[in-house]
Amino acid sequence: MPQSPQPHLSQRALQAAGQPIGPLMSMALANPDIISLAAGFVDNQSLPTSITRQAAEKVLTAGDQSKAALQYGSNHGDEQLRQLILQYTIDMNRHAAGDMQPYNVDLDQIFITPGSNQFLFLLADTILDPGDIILCASPSYFVFIGAVKNIGGHTYGVATDSLGLIPQALEAALQQLESEGKLSRVRAIYTVPYFDNPGGTTLSAERGQEILEIAKRWSRENKIYVIADEAYRLLRYQGKDVPSIHHWDPELEHTIVAGTFSKSFSPGIRVGWGIVPRELAGPLGDQKSNLDFGAPHLSQKIMATVLADKLWLGHVDKLRNVYMERCNAMLSALATHLGDVDGCHWHETQGGLCIWLTLPNHIDTGLDGGFLQAAVDAGVIYVPGEYCFASQGEPANHSTIRLTFGVQSAERIEQGVRLLSEQVKAWQ
Ligand SMILES: Cc1ncc(COP(=O)(O)O)c(C=O)c1O
């Protein structure tokens, strides 16, 4: 019998293997009544059907312009939408900082992508060669960690505290990399400054500025960018907005901003964006034109109409109320059920959709640790924290959990945290 030929998989495809979502979804699907505190979905009830219908109707009843919305758009993305996003970014920063900082950013520096994940991937693919390094908070958004790995790059974790990435630890990490002769491989520092996924932390304005200063100071042989992934910026339930890192870099020389309407409007529309320094606009545009030469035009036109007709921020106010209740439900359930258990702690997030929970050291929350299966059997599922650690730098903490409160009702959140805490106590 002739041997059947072996399929060839690219190195990149092999590097894409091992993403956590598949096994977690299978576990959740095997138990349909499970309370998922794992999903990164948004609240289903609040999805803006009527606003979207109103905007779509306007887009599709505009004569020839309607036809244009159903035609390919430009590689960069819809101009009106880019203009609106730029204005929004500037207004938010000026409002948060209480000043009128002049900005110097062109529309050519803005790209619309089908979700900010695609922008982050494109960016990584544009600035990284295999072996290059991205510094990031420990823990960090695991999809971005996966993207860097897929490209053959390394993520290097930097210690965090309740205020996010610690500037002194960032400085120490750069010193360490320099002593290993790897400084020239450092391309960027990735941050989720507002209500980090998974850490739940928010960088203060001072820390944001310090991180930017560090990036500038260490840009010796090569430029080191600061990526500010602002996916959750608008989902604030407590405290005052802080200016984006971009505010301290008005020429956008070192900062790259990523944003999305997925959390603050609808992930089904899947419109995200990126704003890049001038020198990256050409190369990133070239990469993009290989990938899609333009995000779905209709979605962009609908989002542009939602923004132009001022239908967006009112909706965000409603979302804030929904999520604030759930966030409070999760924080108070954690305090009630785990507040007096030694070794359990979490950050009191001021917004976003997740809470980072640390359990006692002897509990391994990972896929093979036994605890996850016990939690699933008890009726609750979470994302094991081990997926959220970089490949180098700060070591992974295997006793951590990412909890999300976006999908379940306050009652189910309370029930889920109670079930989880019963398992924690049973494993004491
Ligand atoms: C920190 C962070 N960045 C980016 C994204 C990407 O969202 P999207 O691709 O839907 O815009 C997410 C989604 O969960 C996220 O949590």
# chains A, B, ... in the order shown; residues from 1 in each chain; ligands from 1
>>> residues_around(residues="Asp249 in chain A", least_positions_apart="6", cutoff="9 Å", atoms="only C-alpha atoms", output="ChimeraX atom specification")
/A:103,212,255
>>> select_by_dssp(residues="range 180-278 of chain A", states="strand (DSSP E)", output="list in words")
Val186, Arg187, Ala188, Ile189, Tyr190, Thr191, Tyr225, Val226, Ile227, Ala228, Asp229, Thr255, Ile256, Val257, Ala258, Gly259, Thr260, Gly272, Trp273, Gly274 and Ile275 of chain A
>>> write_last_selection(atoms="N, CA and C atoms", output="PDB file, in the first residue's frame")
ATOM      1  N   VAL A 186      13.429  44.457  21.152  1.00  0.00           N
ATOM      2  CA  VAL A 186      12.184  44.935  21.780  1.00  0.00           C
ATOM      3  C   VAL A 186      11.491  45.908  20.832  1.00  0.00           C
ATOM      4  N   ARG A 187      10.259  45.599  20.471  1.00  0.00           N
ATOM      5  CA  ARG A 187       9.536  46.440  19.503  1.00  0.00           C
ATOM      6  C   ARG A 187       8.467  47.323  20.147  1.00  0.00           C
ATOM      7  N   ALA A 188       7.845  46.832  21.210  1.00  0.00           N
ATOM      8  CA  ALA A 188       6.729  47.609  21.762  1.00  0.00           C
ATOM      9  C   ALA A 188       6.410  47.163  23.181  1.00  0.00           C
ATOM     10  N   ILE A 189       5.667  48.044  23.844  1.00  0.00           N
ATOM     11  CA  ILE A 189       5.103  47.728  25.167  1.00  0.00           C
ATOM     12  C   ILE A 189       3.596  47.716  24.961  1.00  0.00           C
ATOM     13  N   TYR A 190       2.971  46.592  25.221  1.00  0.00           N
ATOM     14  CA  TYR A 190       1.517  46.471  25.001  1.00  0.00           C
ATOM     15  C   TYR A 190       0.796  46.721  26.324  1.00  0.00           C
ATOM     16  N   THR A 191      -0.175  47.635  26.290  1.00  0.00           N
ATOM     17  CA  THR A 191      -0.961  47.904  27.505  1.00  0.00           C
ATOM     18  C   THR A 191      -2.449  47.924  27.177  1.00  0.00           C
ATOM     19  N   TYR A 225       7.580  51.208  20.649  1.00  0.00           N
ATOM     20  CA  TYR A 225       6.252  51.819  20.672  1.00  0.00           C
ATOM     21  C   TYR A 225       5.508  51.449  21.958  1.00  0.00           C
ATOM     22  N   VAL A 226       4.510  52.276  22.287  1.00  0.00           N
ATOM     23  CA  VAL A 226       3.572  51.889  23.348  1.00  0.00           C
ATOM     24  C   VAL A 226       2.231  51.641  22.667  1.00  0.00           C
ATOM     25  N   ILE A 227       1.738  50.433  22.797  1.00  0.00           N
ATOM     26  CA  ILE A 227       0.423  50.110  22.217  1.00  0.00           C
ATOM     27  C   ILE A 227      -0.608  50.283  23.323  1.00  0.00           C
ATOM     28  N   ALA A 228      -1.550  51.201  23.105  1.00  0.00           N
ATOM     29  CA  ALA A 228      -2.624  51.415  24.081  1.00  0.00           C
ATOM     30  C   ALA A 228      -3.897  50.806  23.509  1.00  0.00           C
ATOM     31  N   ASP A 229      -4.250  49.635  24.001  1.00  0.00           N
ATOM     32  CA  ASP A 229      -5.452  48.932  23.535  1.00  0.00           C
ATOM     33  C   ASP A 229      -6.607  49.392  24.430  1.00  0.00           C
ATOM     34  N   THR A 255       3.162  56.336  20.248  1.00  0.00           N
ATOM     35  CA  THR A 255       1.969  55.628  20.711  1.00  0.00           C
ATOM     36  C   THR A 255       1.157  55.075  19.553  1.00  0.00           C
ATOM     37  N   ILE A 256       0.623  53.891  19.784  1.00  0.00           N
ATOM     38  CA  ILE A 256      -0.297  53.264  18.833  1.00  0.00           C
ATOM     39  C   ILE A 256      -1.580  53.018  19.617  1.00  0.00           C
ATOM     40  N   VAL A 257      -2.703  53.483  19.086  1.00  0.00           N
ATOM     41  CA  VAL A 257      -3.964  53.330  19.808  1.00  0.00           C
ATOM     42  C   VAL A 257      -4.822  52.302  19.076  1.00  0.00           C
ATOM     43  N   ALA A 258      -5.401  51.372  19.836  1.00  0.00           N
ATOM     44  CA  ALA A 258      -6.365  50.429  19.252  1.00  0.00           C
ATOM     45  C   ALA A 258      -7.705  50.648  19.936  1.00  0.00           C
ATOM     46  N   GLY A 259      -8.776  50.649  19.151  1.00  0.00           N
ATOM     47  CA  GLY A 259     -10.112  50.839  19.718  1.00  0.00           C
ATOM     48  C   GLY A 259     -11.120  49.952  19.024  1.00  0.00           C
ATOM     49  N   THR A 260     -12.300  49.850  19.613  1.00  0.00           N
ATOM     50  CA  THR A 260     -13.325  48.964  19.045  1.00  0.00           C
ATOM     51  C   THR A 260     -14.723  49.401  19.465  1.00  0.00           C
ATOM     52  N   GLY A 272     -13.523  47.885  14.378  1.00  0.00           N
ATOM     53  CA  GLY A 272     -12.478  48.359  15.281  1.00  0.00           C
ATOM     54  C   GLY A 272     -11.590  49.320  14.532  1.00  0.00           C
ATOM     55  N   TRP A 273     -10.595  49.864  15.223  1.00  0.00           N
ATOM     56  CA  TRP A 273      -9.708  50.798  14.552  1.00  0.00           C
ATOM     57  C   TRP A 273      -8.322  50.812  15.198  1.00  0.00           C
ATOM     58  N   GLY A 274      -7.420  51.379  14.465  1.00  0.00           N
ATOM     59  CA  GLY A 274      -6.076  51.585  14.994  1.00  0.00           C
ATOM     60  C   GLY A 274      -5.568  52.931  14.509  1.00  0.00           C
ATOM     61  N   ILE A 275      -4.824  53.620  15.382  1.00  0.00           N
ATOM     62  CA  ILE A 275      -4.194  54.889  14.990  1.00  0.00           C
ATOM     63  C   ILE A 275      -2.690  54.689  15.196  1.00  0.00           C
TER      64      ILE A 275
END
>>> residues_near_ligand(ligand="ligand 1", cutoff="6 Å", atoms="only C-alpha atoms and all ligand atoms", output="PyMOL selection string")
chain A and resi 40+115-117+141+192+197+229+231+260+262+267+270+272
>>> residues_around(residues="Gln168 in chain A", least_positions_apart="3", cutoff="12 Å", atoms="only C-alpha atoms", output="list of chain:residue names")
A:Val158, A:Ala159, A:Thr160, A:Asp161, A:Gly164, A:Leu165, A:Glu171, A:Ala172, A:Ala173, A:Leu174, A:Gln175, A:Arg207, A:Glu210, A:Ile211, A:Glu213, A:Ile214
>>> write_last_selection(atoms="N, CA, C and O atoms", output="mmCIF file, in the first residue's frame")
data_model
loop_
_atom_site.group_PDB
_atom_site.id
_atom_site.type_symbol
_atom_site.label_atom_id
_atom_site.label_comp_id
_atom_site.auth_asym_id
_atom_site.auth_seq_id
_atom_site.Cartn_x
_atom_site.Cartn_y
_atom_site.Cartn_z
ATOM 1 N N VAL A 158 5.677 41.757 32.442
ATOM 2 C CA VAL A 158 6.183 42.735 33.415
ATOM 3 C C VAL A 158 5.221 42.737 34.607
ATOM 4 O O VAL A 158 3.994 42.710 34.426
ATOM 5 N N ALA A 159 5.790 42.805 35.810
ATOM 6 C CA ALA A 159 4.963 42.731 37.023
ATOM 7 C C ALA A 159 3.918 43.851 37.072
ATOM 8 O O ALA A 159 4.154 44.964 36.588
ATOM 9 N N THR A 160 2.778 43.529 37.678
ATOM 10 C CA THR A 160 1.685 44.497 37.821
ATOM 11 C C THR A 160 1.273 44.555 39.296
ATOM 12 O O THR A 160 1.563 43.643 40.059
ATOM 13 N N ASP A 161 0.581 45.629 39.645
ATOM 14 C CA ASP A 161 -0.079 45.681 40.949
ATOM 15 C C ASP A 161 -1.509 46.150 40.703
ATOM 16 O O ASP A 161 -1.977 46.085 39.553
ATOM 17 N N GLY A 164 -2.030 48.296 37.659
ATOM 18 C CA GLY A 164 -1.572 47.838 36.341
ATOM 19 C C GLY A 164 -0.058 47.724 36.272
ATOM 20 O O GLY A 164 0.630 47.568 37.299
ATOM 21 N N LEU A 165 0.453 47.819 35.056
ATOM 22 C CA LEU A 165 1.887 47.625 34.797
ATOM 23 C C LEU A 165 2.733 48.590 35.644
ATOM 24 O O LEU A 165 2.476 49.791 35.667
ATOM 25 N N GLU A 171 11.115 49.128 33.650
ATOM 26 C CA GLU A 171 12.509 49.585 33.541
ATOM 27 C C GLU A 171 13.459 48.404 33.818
ATOM 28 O O GLU A 171 14.421 48.190 33.077
ATOM 29 N N ALA A 172 13.155 47.646 34.869
ATOM 30 C CA ALA A 172 14.011 46.500 35.239
ATOM 31 C C ALA A 172 13.999 45.450 34.123
ATOM 32 O O ALA A 172 15.046 44.857 33.817
ATOM 33 N N ALA A 173 12.844 45.243 33.509
ATOM 34 C CA ALA A 173 12.753 44.247 32.427
ATOM 35 C C ALA A 173 13.629 44.688 31.249
ATOM 36 O O ALA A 173 14.338 43.876 30.638
ATOM 37 N N LEU A 174 13.602 45.996 30.952
ATOM 38 C CA LEU A 174 14.414 46.495 29.835
ATOM 39 C C LEU A 174 15.901 46.370 30.150
ATOM 40 O O LEU A 174 16.710 46.012 29.289
ATOM 41 N N GLN A 175 16.234 46.637 31.424
ATOM 42 C CA GLN A 175 17.641 46.473 31.837
ATOM 43 C C GLN A 175 18.081 45.019 31.660
ATOM 44 O O GLN A 175 19.159 44.729 31.159
ATOM 45 N N ARG A 207 1.123 57.008 35.506
ATOM 46 C CA ARG A 207 1.775 55.776 35.040
ATOM 47 C C ARG A 207 1.840 55.718 33.517
ATOM 48 O O ARG A 207 2.840 55.292 32.943
ATOM 49 N N GLU A 210 4.656 57.814 32.500
ATOM 50 C CA GLU A 210 5.948 57.182 32.831
ATOM 51 C C GLU A 210 6.286 56.082 31.830
ATOM 52 O O GLU A 210 7.438 55.955 31.396
ATOM 53 N N ILE A 211 5.277 55.299 31.472
ATOM 54 C CA ILE A 211 5.515 54.198 30.522
ATOM 55 C C ILE A 211 5.955 54.768 29.172
ATOM 56 O O ILE A 211 6.888 54.279 28.535
ATOM 57 N N GLU A 213 7.473 57.645 28.721
ATOM 58 C CA GLU A 213 8.841 58.167 28.898
ATOM 59 C C GLU A 213 9.866 57.039 28.829
ATOM 60 O O GLU A 213 10.929 57.177 28.232
ATOM 61 N N ILE A 214 9.524 55.928 29.457
ATOM 62 C CA ILE A 214 10.442 54.770 29.452
ATOM 63 C C ILE A 214 10.630 54.280 28.011
ATOM 64 O O ILE A 214 11.750 54.009 27.568
#
>>> select_by_dssp(residues="range 160-336 of chain A", states="alpha helix (DSSP H)", output="ChimeraX atom specification")
/A:167-179,205-217,278-291,297-308,312-336
>>> residues_around(residues="range 1-10 of chain A", least_positions_apart="5", cutoff="12 Å", atoms="only C-alpha atoms", output="list in words")
Gln15, Ala16, Ala17, Asn150, Ile151 and Gly152 of chain A
>>> write_last_selection(atoms="N, CA and C atoms", output="tab-separated table (two decimals), in the first residue's frame")
chain	number	residue	atom	x	y	z
A	15	GLN	N	2.44	27.46	14.97
A	15	GLN	CA	2.57	28.42	16.07
A	15	GLN	C	1.21	28.94	16.54
A	16	ALA	N	0.18	28.72	15.73
A	16	ALA	CA	-1.17	29.18	16.12
A	16	ALA	C	-1.84	28.16	17.04
A	17	ALA	N	-1.27	26.96	17.13
A	17	ALA	CA	-1.93	25.90	17.89
A	17	ALA	C	-1.93	26.22	19.38
A	150	ASN	N	2.03	33.52	17.29
A	150	ASN	CA	1.73	33.07	15.94
A	150	ASN	C	2.73	33.64	14.92
A	151	ILE	N	3.16	34.86	15.18
A	151	ILE	CA	4.08	35.53	14.27
A	151	ILE	C	5.52	35.11	14.53
A	152	GLY	N	5.72	34.39	15.64
A	152	GLY	CA	7.07	33.93	15.98
A	152	GLY	C	7.76	34.87	16.96
>>> residues_around(residues="His362 in chain A", least_positions_apart="6", cutoff="12 Å", atoms="only C-alpha atoms", output="NGL selection string")
:A and (342-344 or 369-371 or 397-400 or 424-425 or 427-428)
>>> write_last_selection(atoms="N, CA, C and O atoms", output="mmCIF file, in the first residue's frame")
data_model
loop_
_atom_site.group_PDB
_atom_site.id
_atom_site.type_symbol
_atom_site.label_atom_id
_atom_site.label_comp_id
_atom_site.auth_asym_id
_atom_site.auth_seq_id
_atom_site.Cartn_x
_atom_site.Cartn_y
_atom_site.Cartn_z
ATOM 1 N N ASP A 342 -8.019 32.534 53.137
ATOM 2 C CA ASP A 342 -6.596 32.891 52.996
ATOM 3 C C ASP A 342 -6.102 32.623 51.591
ATOM 4 O O ASP A 342 -6.366 31.563 51.032
ATOM 5 N N GLY A 343 -5.356 33.575 51.039
ATOM 6 C CA GLY A 343 -4.751 33.364 49.718
ATOM 7 C C GLY A 343 -5.638 33.795 48.569
ATOM 8 O O GLY A 343 -5.218 33.763 47.415
ATOM 9 N N CYS A 344 -6.888 34.200 48.858
ATOM 10 C CA CYS A 344 -7.777 34.663 47.767
ATOM 11 C C CYS A 344 -7.733 36.187 47.704
ATOM 12 O O CYS A 344 -7.953 36.851 48.718
ATOM 13 N N GLY A 369 -5.447 20.729 35.876
ATOM 14 C CA GLY A 369 -5.221 20.780 37.329
ATOM 15 C C GLY A 369 -6.276 20.090 38.163
ATOM 16 O O GLY A 369 -6.122 19.958 39.371
ATOM 17 N N GLY A 370 -7.393 19.675 37.567
ATOM 18 C CA GLY A 370 -8.454 19.019 38.346
ATOM 19 C C GLY A 370 -9.486 20.011 38.868
ATOM 20 O O GLY A 370 -10.685 19.736 38.867
ATOM 21 N N PHE A 371 -9.031 21.196 39.282
ATOM 22 C CA PHE A 371 -9.959 22.172 39.867
ATOM 23 C C PHE A 371 -10.976 22.655 38.824
ATOM 24 O O PHE A 371 -12.165 22.796 39.118
ATOM 25 N N ASN A 397 1.325 32.529 37.011
ATOM 26 C CA ASN A 397 0.744 32.106 38.293
ATOM 27 C C ASN A 397 -0.411 31.161 37.960
ATOM 28 O O ASN A 397 -1.434 31.584 37.414
ATOM 29 N N HIS A 398 -0.236 29.886 38.296
ATOM 30 C CA HIS A 398 -1.221 28.865 37.910
ATOM 31 C C HIS A 398 -2.413 28.800 38.856
ATOM 32 O O HIS A 398 -3.247 27.917 38.734
ATOM 33 N N SER A 399 -2.472 29.709 39.812
ATOM 34 C CA SER A 399 -3.607 29.703 40.749
ATOM 35 C C SER A 399 -4.533 30.882 40.472
ATOM 36 O O SER A 399 -5.198 31.373 41.379
ATOM 37 N N THR A 400 -4.559 31.332 39.241
ATOM 38 C CA THR A 400 -5.346 32.525 38.915
ATOM 39 C C THR A 400 -6.486 32.183 37.950
ATOM 40 O O THR A 400 -6.441 31.167 37.250
ATOM 41 N N VAL A 424 -13.410 26.108 46.001
ATOM 42 C CA VAL A 424 -12.165 26.606 46.611
ATOM 43 C C VAL A 424 -12.069 26.076 48.046
ATOM 44 O O VAL A 424 -11.019 25.561 48.473
ATOM 45 N N LYS A 425 -13.171 26.159 48.763
ATOM 46 C CA LYS A 425 -13.155 25.722 50.174
ATOM 47 C C LYS A 425 -12.965 24.211 50.253
ATOM 48 O O LYS A 425 -12.275 23.703 51.130
ATOM 49 N N TRP A 427 -11.205 22.483 48.327
ATOM 50 C CA TRP A 427 -9.814 22.153 47.978
ATOM 51 C C TRP A 427 -8.825 22.648 49.037
ATOM 52 O O TRP A 427 -7.624 22.591 48.823
ATOM 53 N N GLN A 428 -9.345 23.158 50.146
ATOM 54 C CA GLN A 428 -8.430 23.691 51.193
ATOM 55 C C GLN A 428 -7.647 22.554 51.856
ATOM 56 O O GLN A 428 -8.144 21.469 52.023
#
>>> closest_residue(among="A:Thr202, A:Thr155, A:Ser264, A:Asn104", to="Arg278 in chain A", atoms="only C-alpha atoms")
A:Asn104
>>> residues_around(residues="Thr113 in chain A", least_positions_apart="5", cutoff="12 Å", atoms="only C-alpha atoms", output="PyMOL selection string")
chain A and resi 73-78+81-82+118-123+258-262+269-275+284-285+288-289+291-297+299-300
>>> residues_around(residues="Ala426 in chain A", least_positions_apart="4", cutoff="12 Å", atoms="only C-alpha atoms", output="list in words")
Val341, Ile363, Phe371, Ala374, Ala375, Ala378, Leu419, Leu420, Ser421 and Glu422 of chain A
>>> atom_distance(atom1="CA of Ser140 in chain A", atom2="CA of Asp106 in chain A")
29.9 Å
>>> atom_distance(atom1="CA of Ala69 in chain A", atom2="CA of Gln87 in chain A")
22.2 Å
>>> closest_residue(among="A:Ala304, A:Ala396, A:Ala169, A:Ile401", to="Leu372 in chain A", atoms="only C-alpha atoms")
A:Ile401
>>> closest_residue(among="A:Glu394, A:Glu230, A:Asp91, A:Glu279", to="Glu251 in chain A", atoms="only C-alpha atoms")
A:Glu279
